[in-house]
file data-v9.csv (CSV, C-alpha atoms)
chain,number,residue,atom,x,y,z
N,1,MET,CA,16.1,-0.7,24.7
N,2,SER,CA,19.2,-2.7,25.7
N,3,GLU,CA,22.0,-3.1,23.2
N,4,LEU,CA,22.0,-6.6,21.7
N,5,PRO,CA,25.4,-8.0,20.5
N,6,LEU,CA,25.9,-7.7,16.8
N,7,ILE,CA,26.1,-11.1,15.2
N,8,GLY,CA,26.9,-10.1,11.6
N,9,GLU,CA,30.3,-8.8,12.4
N,10,ALA,CA,31.4,-9.5,8.8
N,11,VAL,CA,29.1,-6.7,7.6
N,12,ALA,CA,29.2,-4.3,10.5
N,13,ILE,CA,30.9,-1.2,9.5
N,14,ALA,CA,33.6,-0.2,12.0
N,15,ALA,CA,31.8,2.4,14.1
N,16,GLU,CA,33.3,5.8,13.4
N,17,PRO,CA,32.4,8.7,15.6
N,18,ARG,CA,31.3,10.6,12.5
N,19,LEU,CA,28.8,7.9,11.6
N,20,ALA,CA,27.6,7.3,15.1
N,21,GLY,CA,26.8,11.0,15.4
N,22,ALA,CA,24.0,10.4,12.9
N,23,ARG,CA,20.8,10.0,14.9
N,24,ILE,CA,18.0,8.0,13.2
N,25,GLY,CA,14.7,7.7,15.1
N,26,VAL,CA,12.6,4.6,15.2
N,27,VAL,CA,9.0,5.0,16.1
N,28,THR,CA,7.2,2.5,18.3
N,29,PHE,CA,3.3,2.4,18.3
N,30,PRO,CA,1.2,0.0,20.3
N,31,GLY,CA,1.4,-3.1,18.1
N,32,THR,CA,4.7,-2.3,16.4
N,33,LEU,CA,6.8,-5.4,15.9
N,34,ASP,CA,9.9,-4.6,13.9
N,35,ASP,CA,11.2,-1.6,15.8
N,36,ARG,CA,14.1,-3.5,17.4
N,37,ASP,CA,15.1,-5.0,14.0
N,38,ALA,CA,15.0,-1.5,12.5
N,39,ALA,CA,17.2,-0.1,15.3
N,40,ARG,CA,19.6,-3.0,14.9
N,41,ALA,CA,19.9,-2.3,11.1
N,42,ILE,CA,20.6,1.3,11.9
N,43,ARG,CA,23.4,0.3,14.3
N,44,LEU,CA,24.8,-2.2,11.9
N,45,ALA,CA,25.1,0.5,9.3
N,46,GLY,CA,27.0,2.5,11.9
N,47,ALA,CA,24.5,5.2,13.0
N,48,SER,CA,22.9,5.7,16.4
N,49,ALA,CA,19.3,4.4,16.7
N,50,ILE,CA,17.0,6.7,18.8
N,51,SER,CA,13.8,5.2,20.3
N,52,LEU,CA,10.7,7.4,19.7
N,53,TRP,CA,7.3,6.8,21.3
N,54,HIS,CA,4.1,7.5,19.5
N,55,ALA,CA,2.7,9.6,22.3
N,56,ASP,CA,5.7,12.0,22.4
N,57,THR,CA,4.8,15.5,21.4
N,58,GLU,CA,8.3,16.5,20.4
N,59,LEU,CA,10.5,14.8,17.8
N,60,GLY,CA,13.8,15.8,19.4
N,61,GLU,CA,17.1,15.8,17.7
N,62,VAL,CA,17.0,13.2,14.9
N,63,ASP,CA,18.4,13.4,11.4
N,64,ALA,CA,16.0,10.8,9.9
N,65,VAL,CA,13.1,8.6,11.0
N,66,VAL,CA,12.1,5.0,10.3
N,67,ILE,CA,8.5,4.0,10.8
N,68,PRO,CA,8.8,0.2,11.2
N,69,GLY,CA,6.5,-2.7,10.5
N,70,GLY,CA,4.0,-4.5,12.7
N,71,PHE,CA,0.3,-4.1,13.4
N,72,SER,CA,-0.2,-0.7,15.0
N,73,TYR,CA,-3.5,-0.7,16.9
N,74,GLY,CA,-4.1,-4.2,15.6
N,75,ASP,CA,-4.8,-2.9,12.1
N,76,TYR,CA,-8.2,-1.7,13.5
N,77,LEU,CA,-10.3,0.6,11.3
N,78,ARG,CA,-7.7,0.4,8.5
N,79,ALA,CA,-4.0,-0.6,8.6
N,80,GLY,CA,-2.2,2.5,9.9
N,81,ALA,CA,-5.3,4.6,10.2
N,82,ILE,CA,-5.2,5.2,14.0
N,83,ALA,CA,-1.4,5.5,14.2
N,84,ARG,CA,-1.6,8.2,11.7
N,85,PHE,CA,-3.2,10.5,14.3
N,86,ALA,CA,-0.6,9.9,17.0
N,87,PRO,CA,0.9,13.1,18.4
N,88,LEU,CA,4.4,12.2,17.1
N,89,MET,CA,3.1,11.6,13.6
N,90,THR,CA,1.9,15.2,13.4
N,91,ARG,CA,5.5,16.3,14.2
N,92,ILE,CA,6.9,13.8,11.6
N,93,ILE,CA,4.5,15.0,8.9
N,94,ASP,CA,5.4,18.6,9.5
N,95,ALA,CA,9.1,17.8,9.5
N,96,ALA,CA,8.9,15.8,6.3
N,97,ASN,CA,7.0,18.6,4.6
N,98,SER,CA,9.3,21.4,6.0
N,99,GLU,CA,12.2,23.1,4.2
N,100,ALA,CA,14.5,20.7,6.1
N,101,LYS,CA,12.8,17.8,4.4
N,102,LEU,CA,13.3,15.2,7.2
N,103,PRO,CA,14.1,11.8,5.6
N,104,VAL,CA,11.4,9.3,6.5
N,105,LEU,CA,11.3,5.6,5.7
N,106,GLY,CA,8.1,3.6,6.2
N,107,ILE,CA,8.3,-0.2,6.1
N,108,CYS,CA,5.2,-2.3,5.7
N,109,ASN,CA,2.8,-1.0,8.4
N,110,GLY,CA,5.1,2.1,8.3
N,111,PHE,CA,4.3,2.5,4.6
N,112,GLN,CA,0.6,2.1,5.4
N,113,ILE,CA,0.9,4.8,8.0
N,114,LEU,CA,2.6,7.1,5.5
N,115,THR,CA,-0.3,6.7,2.9
N,116,GLU,CA,-2.9,7.3,5.6
N,117,SER,CA,-0.9,10.4,6.6
N,118,HIS,CA,-1.0,11.5,2.9
N,119,LEU,CA,2.8,11.8,2.9
N,120,LEU,CA,2.6,9.2,0.1
N,121,PRO,CA,-0.3,8.8,-2.4
N,122,GLY,CA,-2.4,5.7,-2.8
N,123,SER,CA,-3.4,3.1,-0.3
N,124,MET,CA,-3.0,-0.5,0.7
N,125,ILE,CA,-5.9,-3.0,0.7
N,126,LYS,CA,-6.0,-6.8,1.4
N,127,ASN,CA,-3.8,-9.0,-0.8
N,128,ASP,CA,-5.7,-10.1,-3.9
N,129,HIS,CA,-5.4,-13.7,-2.8
N,130,LEU,CA,-6.7,-12.8,0.7
N,131,LYS,CA,-3.9,-14.8,2.4
N,132,PHE,CA,-1.1,-13.6,4.6
N,133,ASN,CA,2.0,-13.7,2.5
N,134,CYS,CA,5.5,-14.5,3.9
N,135,SER,CA,8.3,-15.0,1.4
N,136,ASN,CA,11.7,-13.9,0.1
N,137,GLN,CA,11.0,-11.3,-2.5
N,138,ILE,CA,13.1,-9.9,-5.3
N,139,LEU,CA,12.7,-6.2,-6.0
N,140,ARG,CA,14.1,-4.0,-8.6
N,141,VAL,CA,15.5,-0.6,-7.5
N,142,GLU,CA,14.0,1.8,-10.1
N,143,ASN,CA,15.1,5.1,-8.5
N,144,ASN,CA,18.5,5.3,-6.7
N,145,THR,CA,18.3,9.1,-6.2
N,146,THR,CA,16.1,9.0,-3.0
N,147,ALA,CA,17.5,9.6,0.5
N,148,TRP,CA,17.1,5.9,1.2
N,149,THR,CA,18.3,4.2,-2.0
N,150,SER,CA,21.5,6.1,-3.1
N,151,ASP,CA,23.8,3.2,-2.3
N,152,TYR,CA,22.0,0.9,-4.8
N,153,ALA,CA,22.7,0.7,-8.5
N,154,LEU,CA,19.9,1.7,-10.8
N,155,ASP,CA,17.8,-1.4,-11.7
N,156,GLN,CA,19.8,-3.4,-9.1
N,157,GLU,CA,17.8,-6.5,-8.0
N,158,ILE,CA,17.7,-7.1,-4.3
N,159,ALA,CA,16.2,-9.9,-2.2
N,160,ILE,CA,14.5,-9.0,1.1
N,161,PRO,CA,11.6,-10.6,3.0
N,162,LEU,CA,7.9,-9.7,2.3
N,163,LYS,CA,5.3,-10.4,5.0
N,164,ASN,CA,1.9,-8.9,5.1
N,165,GLN,CA,-1.9,-9.3,4.8
N,166,ASP,CA,-2.8,-5.8,3.5
N,167,GLY,CA,-0.1,-5.4,0.9
N,168,GLN,CA,-2.0,-4.6,-2.3
N,169,TYR,CA,-0.9,-1.2,-3.4
N,170,ILE,CA,-3.6,0.7,-5.2
N,171,ALA,CA,-4.1,4.2,-6.5
N,172,ASP,CA,-6.2,5.7,-9.4
N,173,GLU,CA,-4.7,5.6,-12.9
N,174,LYS,CA,-4.0,9.3,-12.9
N,175,THR,CA,-1.9,9.0,-9.7
N,176,LEU,CA,-0.1,5.9,-11.0
N,177,ASP,CA,0.7,7.7,-14.3
N,178,ALA,CA,2.0,10.7,-12.3
N,179,LEU,CA,4.2,8.4,-10.1
N,180,GLU,CA,5.7,6.8,-13.2
N,181,ALA,CA,6.2,10.1,-15.0
N,182,GLU,CA,7.9,11.7,-12.0
N,183,ASN,CA,10.1,8.6,-11.4
N,184,ARG,CA,8.6,8.0,-8.0
N,185,VAL,CA,8.2,4.2,-8.3
N,186,VAL,CA,11.2,3.4,-6.3
N,187,PHE,CA,10.8,-0.4,-6.1
N,188,ARG,CA,8.9,-2.9,-8.2
N,189,TYR,CA,8.3,-6.6,-7.6
N,190,VAL,CA,10.3,-8.9,-9.9
N,191,GLY,CA,8.6,-12.1,-11.1
N,192,ALA,CA,5.0,-13.0,-10.1
N,193,ASN,CA,3.1,-10.1,-8.5
N,194,PRO,CA,2.8,-11.3,-4.8
N,195,ASN,CA,-0.3,-9.4,-3.8
N,196,GLY,CA,-2.0,-7.8,-6.8
N,197,SER,CA,-0.3,-4.4,-6.3
N,198,ARG,CA,-1.0,-2.0,-9.3
N,199,ARG,CA,1.8,-2.1,-11.8
N,200,SER,CA,3.7,-4.4,-9.4
N,201,ILE,CA,4.6,-1.4,-7.3
N,202,ALA,CA,6.5,-2.4,-4.1
N,203,GLY,CA,7.6,1.1,-2.9
N,204,ILE,CA,7.2,4.8,-3.8
N,205,SER,CA,8.6,8.1,-2.8
N,206,ASN,CA,7.2,11.6,-2.4
N,207,ALA,CA,8.1,14.3,-4.9
N,208,ALA,CA,11.2,15.5,-3.0
N,209,GLY,CA,12.5,11.9,-2.5
N,210,ASN,CA,13.0,12.3,1.3
N,211,VAL,CA,9.9,10.1,2.1
N,212,VAL,CA,10.0,6.5,0.9
N,213,GLY,CA,7.6,3.7,1.7
N,214,LEU,CA,7.7,0.0,0.8
N,215,MET,CA,5.9,-3.2,1.8
N,216,PRO,CA,9.0,-5.6,2.0
N,217,HIS,CA,11.4,-5.5,4.9
N,218,PRO,CA,15.0,-4.3,4.3
N,219,GLU,CA,15.7,-4.4,8.1
N,220,HIS,CA,15.4,-8.2,8.1
N,221,ALA,CA,18.2,-8.5,5.5
N,222,VAL,CA,21.2,-6.7,7.1
N,223,GLU,CA,23.2,-9.5,8.6
N,224,ALA,CA,25.2,-12.1,6.7
N,225,GLY,CA,23.5,-15.5,6.9
N,226,TYR,CA,20.1,-14.1,8.1
N,227,GLY,CA,18.5,-12.4,5.1
N,228,PRO,CA,17.4,-14.1,1.9
N,229,GLU,CA,20.4,-15.5,-0.1
N,230,THR,CA,20.3,-15.4,-3.9
N,231,PRO,CA,22.8,-16.8,-6.4
N,232,GLY,CA,25.3,-14.1,-7.0
N,233,GLY,CA,23.7,-11.9,-4.3
N,234,ALA,CA,25.3,-10.2,-1.3
N,235,GLY,CA,24.7,-13.1,1.1
N,236,GLY,CA,21.6,-11.9,2.9
N,237,ILE,CA,22.5,-8.3,3.4
N,238,ASP,CA,20.6,-6.7,0.5
N,239,GLY,CA,18.6,-4.5,2.8
N,240,LEU,CA,21.6,-2.8,4.4
N,241,GLY,CA,21.8,-0.3,1.6
N,242,PHE,CA,18.7,1.5,2.9
N,243,PHE,CA,20.6,2.3,6.1
N,244,THR,CA,24.0,3.1,4.6
N,245,SER,CA,22.2,5.3,2.0
N,246,ILE,CA,20.6,7.5,4.6
N,247,LEU,CA,23.9,7.6,6.6
N,248,THR,CA,25.7,8.7,3.5
N,249,LYS,CA,23.2,11.5,3.1
N,250,ILE,CA,23.3,12.6,6.8
N,251,VAL,CA,27.1,12.7,7.1
N,252,GLY,CA,27.5,14.1,3.6
N,253,GLY,CA,29.8,11.3,2.4
N,254,ALA,CA,31.2,11.1,-1.1
N,255,LYS,CA,28.7,9.5,-3.5
W,1,MET,CA,-29.1,7.8,24.1
W,2,PRO,CA,-29.1,9.0,20.4
W,3,ARG,CA,-26.7,7.5,18.0
W,4,ILE,CA,-25.3,8.7,14.8
W,5,VAL,CA,-24.7,6.0,12.2
W,6,VAL,CA,-21.9,6.3,9.6
W,7,ASP,CA,-21.8,3.9,6.7
W,8,VAL,CA,-18.5,3.5,4.7
W,9,MET,CA,-18.2,1.5,1.5
W,10,PRO,CA,-15.2,0.7,-0.7
W,11,LYS,CA,-15.3,2.9,-3.8
W,12,PRO,CA,-17.1,1.2,-6.7
W,13,GLU,CA,-13.9,1.1,-8.9
W,14,ILE,CA,-11.9,-0.5,-6.1
W,15,LEU,CA,-11.8,-4.3,-6.1
W,16,ASP,CA,-13.1,-5.6,-2.8
W,17,PRO,CA,-11.2,-8.8,-2.0
W,18,GLN,CA,-13.3,-9.6,1.0
W,19,GLY,CA,-16.6,-9.2,-0.9
W,20,LYS,CA,-15.2,-11.4,-3.6
W,21,ALA,CA,-14.4,-14.1,-1.1
W,22,ILE,CA,-17.9,-13.9,0.4
W,23,VAL,CA,-19.6,-14.1,-3.0
W,24,GLY,CA,-17.5,-17.2,-3.8
W,25,ALA,CA,-18.6,-18.9,-0.6
W,26,LEU,CA,-22.4,-18.1,-0.7
W,27,PRO,CA,-23.2,-20.7,-3.4
W,28,ARG,CA,-21.6,-23.4,-1.3
W,29,LEU,CA,-24.4,-22.8,1.3
W,30,GLY,CA,-27.1,-22.9,-1.4
W,31,PHE,CA,-27.4,-19.1,-1.7
W,32,THR,CA,-27.2,-18.9,-5.5
W,33,SER,CA,-29.1,-15.7,-6.2
W,34,PHE,CA,-26.3,-13.2,-5.4
W,35,SER,CA,-23.9,-12.2,-8.2
W,36,SER,CA,-21.8,-9.8,-6.3
W,37,VAL,CA,-21.0,-8.8,-2.7
W,38,ARG,CA,-19.3,-5.7,-1.4
W,39,GLN,CA,-18.4,-5.4,2.2
W,40,GLY,CA,-18.5,-2.0,4.0
W,41,LYS,CA,-18.3,-0.7,7.5
W,42,ARG,CA,-21.0,0.7,9.9
W,43,PHE,CA,-20.0,2.9,12.8
W,44,GLU,CA,-22.4,3.9,15.6
W,45,LEU,CA,-21.4,7.1,17.4
W,46,THR,CA,-23.2,7.5,20.7
W,47,VAL,CA,-24.0,11.1,21.8
W,48,ASP,CA,-24.7,12.0,25.5
W,49,GLY,CA,-27.7,14.3,25.0
W,50,GLU,CA,-29.2,15.9,22.0
W,51,VAL,CA,-27.7,15.6,18.5
W,52,THR,CA,-27.3,19.2,17.4
W,53,GLU,CA,-26.4,20.4,13.9
W,54,GLU,CA,-22.9,21.1,15.3
W,55,ILE,CA,-22.5,17.5,16.6
W,56,LEU,CA,-23.8,16.1,13.3
W,57,ALA,CA,-21.3,18.3,11.4
W,58,GLN,CA,-18.5,16.9,13.7
W,59,ALA,CA,-19.7,13.3,12.8
W,60,ARG,CA,-19.5,14.1,9.1
W,61,GLU,CA,-16.0,15.5,9.5
W,62,ALA,CA,-14.9,12.5,11.5
W,63,ALA,CA,-16.3,10.3,8.8
W,64,GLU,CA,-14.4,12.0,6.1
W,65,THR,CA,-11.1,12.4,8.0
W,66,MET,CA,-10.7,9.3,10.1
W,67,LEU,CA,-13.5,6.7,9.7
W,68,SER,CA,-12.9,6.5,5.9
W,69,ASN,CA,-9.9,6.8,3.6
W,70,PRO,CA,-11.0,8.9,0.6
W,71,VAL,CA,-8.5,7.1,-1.6
W,72,ILE,CA,-10.3,3.8,-1.3
W,73,GLU,CA,-13.7,4.4,0.4
W,74,ASP,CA,-16.8,6.6,0.3
W,75,VAL,CA,-18.9,7.8,3.2
W,76,VAL,CA,-22.3,6.7,1.8
W,77,ASN,CA,-24.5,7.6,4.8
W,78,VAL,CA,-24.5,9.7,8.0
W,79,GLU,CA,-27.8,9.7,9.9
W,80,VAL,CA,-29.2,10.0,13.4
W,81,LEU,CA,-30.9,7.0,14.8
W,82,ALA,CA,-34.1,7.9,16.7
call {"tool": "encode", "arguments": {"input": "data-v9.csv", "output": "structure tokens"}}
result
Amino acid sequence: MSELPLIGEAVAIAAEPRLAGARIGVVTFPGTLDDRDAARAIRLAGASAISLWHADTELGEVDAVVIPGGFSYGDYLRAGAIARFAPLMTRIIDAANSEAKLPVLGICNGFQILTESHLLPGSMIKNDHLKFNCSNQILRVENNTTAWTSDYALDQEIAIPLKNQDGQYIADEKTLDALEAENRVVFRYVGANPNGSRRSIAGISNAAGNVVGLMPHPEHAVEAGYGPETPGGAGGIDGLGFFTSILTKIVGGAK
Amino acid sequence: MPRIVVDVMPKPEILDPQGKAIVGALPRLGFTSFSSVRQGKRFELTVDGEVTEEILAQAREAAETMLSNPVIEDVVNVEVLA
């Protein structure tokens, strides 16, 4: 993966060796689309992006992993269902459940892969209106104690792109009640529910908070002038906090 | 060569958006007798040789672990086609 020049210099944190020492893996499956954007977001935050291939049998030295969006295996069978059985996913599932609690972020198809992997509860089905949805979406950060959201304020509203066909989050009432009671609803859609997701849930975490999945795309809102701009917002970089949050956790910064 | 058929359906309590779209379109073609449609999946697993109990057990396990997602779907049938 060749290094692309960084356009959003205004937001790029000056690369410190301490930050660049943080290694965040980005997994590519056949049909993944947003792996380069995710890698770019990681570099813009100041960390090193490590390319991981689905067929690899070893995870290597990474401090965290991003499973990016796209259409792994063409969404055949169910979105994320075939990718879930990739050799590398077995390593990631073990590492996320281990004592070390590897931080894992699943975005869009990555979220679907995490539910198929049972790292996160529930599942995604087709949007209730049956159409592909592509829009700028406002989310409320309802848990800022996870590995991926610590740089946001509680109840902060952020604007990032949402683009999917199978984005309707569903789980049984018992699971939904447990998620709410355990403060594991990390993001909720603000305004009209864009896809029929139960209780307007946009993203959730596992019990430990190291695994987070969401349908919208923070990696598309990390450069000034490119992400959704909202009145009083940060100018299109509302997604950058995911990547600075994990960097803060890895390097043990003050927060 | 014998085939094992696996049928998977969305759970009854799960809204099936595809089935809903189909039931909405049927009356436009004059098919007015159907009040509900649910869309499932049928898999045909071909076996080279005889279908033993062990192979059938494998098919059932594959149906539960990969061909269906127990959160949203039920395996409603696993049978051998003659």
call {"tool": "interface_residues", "arguments": {"input": "data-v9.csv", "of": "chain W", "to": "chain N", "cutoff": "10 Å", "atoms": "all atoms listed in the file", "output": "ChimeraX atom specification"}}
result
/W:13-18,20-21,41,65-72
call {"tool": "residues_around", "arguments": {"input": "data-v9.csv", "residues": "N:Val26", "least_positions_apart": "3", "cutoff": "8 Å", "atoms": "all atoms listed in the file", "output": "PDB file with C-alpha atoms, in the frame of the given file"}}
result
ATOM      1  CA  ASP N  35      11.200  -1.600  15.800  1.00  0.00           C
ATOM      2  CA  ALA N  38      15.000  -1.500  12.500  1.00  0.00           C
ATOM      3  CA  ALA N  39      17.200  -0.100  15.300  1.00  0.00           C
ATOM      4  CA  ALA N  49      19.300   4.400  16.700  1.00  0.00           C
ATOM      5  CA  ILE N  50      17.000   6.700  18.800  1.00  0.00           C
ATOM      6  CA  SER N  51      13.800   5.200  20.300  1.00  0.00           C
ATOM      7  CA  LEU N  52      10.700   7.400  19.700  1.00  0.00           C
ATOM      8  CA  VAL N  65      13.100   8.600  11.000  1.00  0.00           C
ATOM      9  CA  VAL N  66      12.100   5.000  10.300  1.00  0.00           C
ATOM     10  CA  ILE N  67       8.500   4.000  10.800  1.00  0.00           C
ATOM     11  CA  PRO N  68       8.800   0.200  11.200  1.00  0.00           C
TER      12      PRO N  68
END
call {"tool": "atom_distance", "arguments": {"input": "data-v9.csv", "atom1": "atom CA of N:Asn144", "atom2": "atom CA of N:Arg43"}}
result
22.1 Å
call {"tool": "atom_distance", "arguments": {"input": "data-v9.csv", "atom1": "atom CA of N:Asn97", "atom2": "atom CA of N:Thr28"}}
result
21.1 Å
call {"tool": "residues_near_point", "arguments": {"input": "data-v9.csv", "point": "(22.6, 3.5, -6.4)", "cutoff": "12 Å", "atoms": "only C-alpha atoms", "output": "compact mmCIF listing (two decimals) with C-alpha atoms, in the frame of the given file"}}
result
# COMPACT_ATOMS: atom_id res chain seq x y z
CA ARG N 140 14.10 -4.00 -8.60
CA VAL N 141 15.50 -0.60 -7.50
CA GLU N 142 14.00 1.80 -10.10
CA ASN N 143 15.10 5.10 -8.50
CA ASN N 144 18.50 5.30 -6.70
CA THR N 145 18.30 9.10 -6.20
CA THR N 146 16.10 9.00 -3.00
CA ALA N 147 17.50 9.60 0.50
CA TRP N 148 17.10 5.90 1.20
CA THR N 149 18.30 4.20 -2.00
CA SER N 150 21.50 6.10 -3.10
CA ASP N 151 23.80 3.20 -2.30
CA TYR N 152 22.00 0.90 -4.80
CA ALA N 153 22.70 0.70 -8.50
CA LEU N 154 19.90 1.70 -10.80
CA ASP N 155 17.80 -1.40 -11.70
CA GLN N 156 19.80 -3.40 -9.10
CA GLU N 157 17.80 -6.50 -8.00
CA ILE N 158 17.70 -7.10 -4.30
CA VAL N 186 11.20 3.40 -6.30
CA GLY N 241 21.80 -0.30 1.60
CA PHE N 242 18.70 1.50 2.90
CA THR N 244 24.00 3.10 4.60
CA SER N 245 22.20 5.30 2.00
CA ILE N 246 20.60 7.50 4.60
CA THR N 248 25.70 8.70 3.50
CA LYS N 255 28.70 9.50 -3.50
call {"tool": "decode", "arguments": {"input": "data-v9.csv", "residues": "stretch 159-200 of chain N", "atoms": "C-alpha atoms", "output": "mmCIF file, in the first residue's frame"}}
result
data_model
loop_
_atom_site.group_PDB
_atom_site.id
_atom_site.type_symbol
_atom_site.label_atom_id
_atom_site.label_comp_id
_atom_site.auth_asym_id
_atom_site.auth_seq_id
_atom_site.Cartn_x
_atom_site.Cartn_y
_atom_site.Cartn_z
ATOM 1 C CA ALA N 159 -21.725 14.061 11.846
ATOM 2 C CA ILE N 160 -20.243 11.235 9.754
ATOM 3 C CA PRO N 161 -21.328 9.494 6.531
ATOM 4 C CA LEU N 162 -23.729 6.521 6.563
ATOM 5 C CA LYS N 163 -23.870 4.270 3.475
ATOM 6 C CA ASN N 164 -25.335 0.790 3.441
ATOM 7 C CA GLN N 165 -28.053 -1.609 2.334
ATOM 8 C CA ASP N 166 -28.138 -3.980 5.311
ATOM 9 C CA GLY N 167 -28.004 -1.438 8.122
ATOM 10 C CA GLN N 168 -31.029 -2.307 10.243
ATOM 11 C CA TYR N 169 -29.706 -3.366 13.644
ATOM 12 C CA ILE N 170 -31.853 -5.973 15.331
ATOM 13 C CA ALA N 171 -31.683 -8.070 18.488
ATOM 14 C CA ASP N 172 -34.325 -9.562 20.774
ATOM 15 C CA GLU N 173 -35.812 -7.356 23.503
ATOM 16 C CA LYS N 174 -33.837 -9.094 26.248
ATOM 17 C CA THR N 175 -30.548 -8.405 24.459
ATOM 18 C CA LEU N 176 -31.528 -4.784 23.781
ATOM 19 C CA ASP N 177 -32.483 -4.266 27.431
ATOM 20 C CA ALA N 178 -29.159 -5.756 28.535
ATOM 21 C CA LEU N 179 -27.216 -3.532 26.127
ATOM 22 C CA GLU N 180 -28.955 -0.446 27.531
ATOM 23 C CA ALA N 181 -28.551 -1.544 31.158
ATOM 24 C CA GLU N 182 -24.841 -2.243 30.668
ATOM 25 C CA ASN N 183 -24.266 1.085 28.877
ATOM 26 C CA ARG N 184 -23.203 -0.718 25.713
ATOM 27 C CA VAL N 185 -25.197 1.399 23.260
ATOM 28 C CA VAL N 186 -22.255 3.529 22.158
ATOM 29 C CA PHE N 187 -23.929 5.497 19.341
ATOM 30 C CA ARG N 188 -27.541 6.315 18.561
ATOM 31 C CA TYR N 189 -28.944 7.946 15.427
ATOM 32 C CA VAL N 190 -30.151 11.506 16.025
ATOM 33 C CA GLY N 191 -33.307 12.588 14.174
ATOM 34 C CA ALA N 192 -35.227 10.276 11.850
ATOM 35 C CA ASN N 193 -34.198 6.621 12.124
ATOM 36 C CA PRO N 194 -32.381 6.041 8.794
ATOM 37 C CA ASN N 195 -32.854 2.270 8.501
ATOM 38 C CA GLY N 196 -35.294 0.965 11.109
ATOM 39 C CA SER N 197 -32.586 -0.037 13.612
ATOM 40 C CA ARG N 198 -34.067 -1.112 16.967
ATOM 41 C CA ARG N 199 -34.076 1.777 19.419
ATOM 42 C CA SER N 200 -32.158 3.872 16.833
#
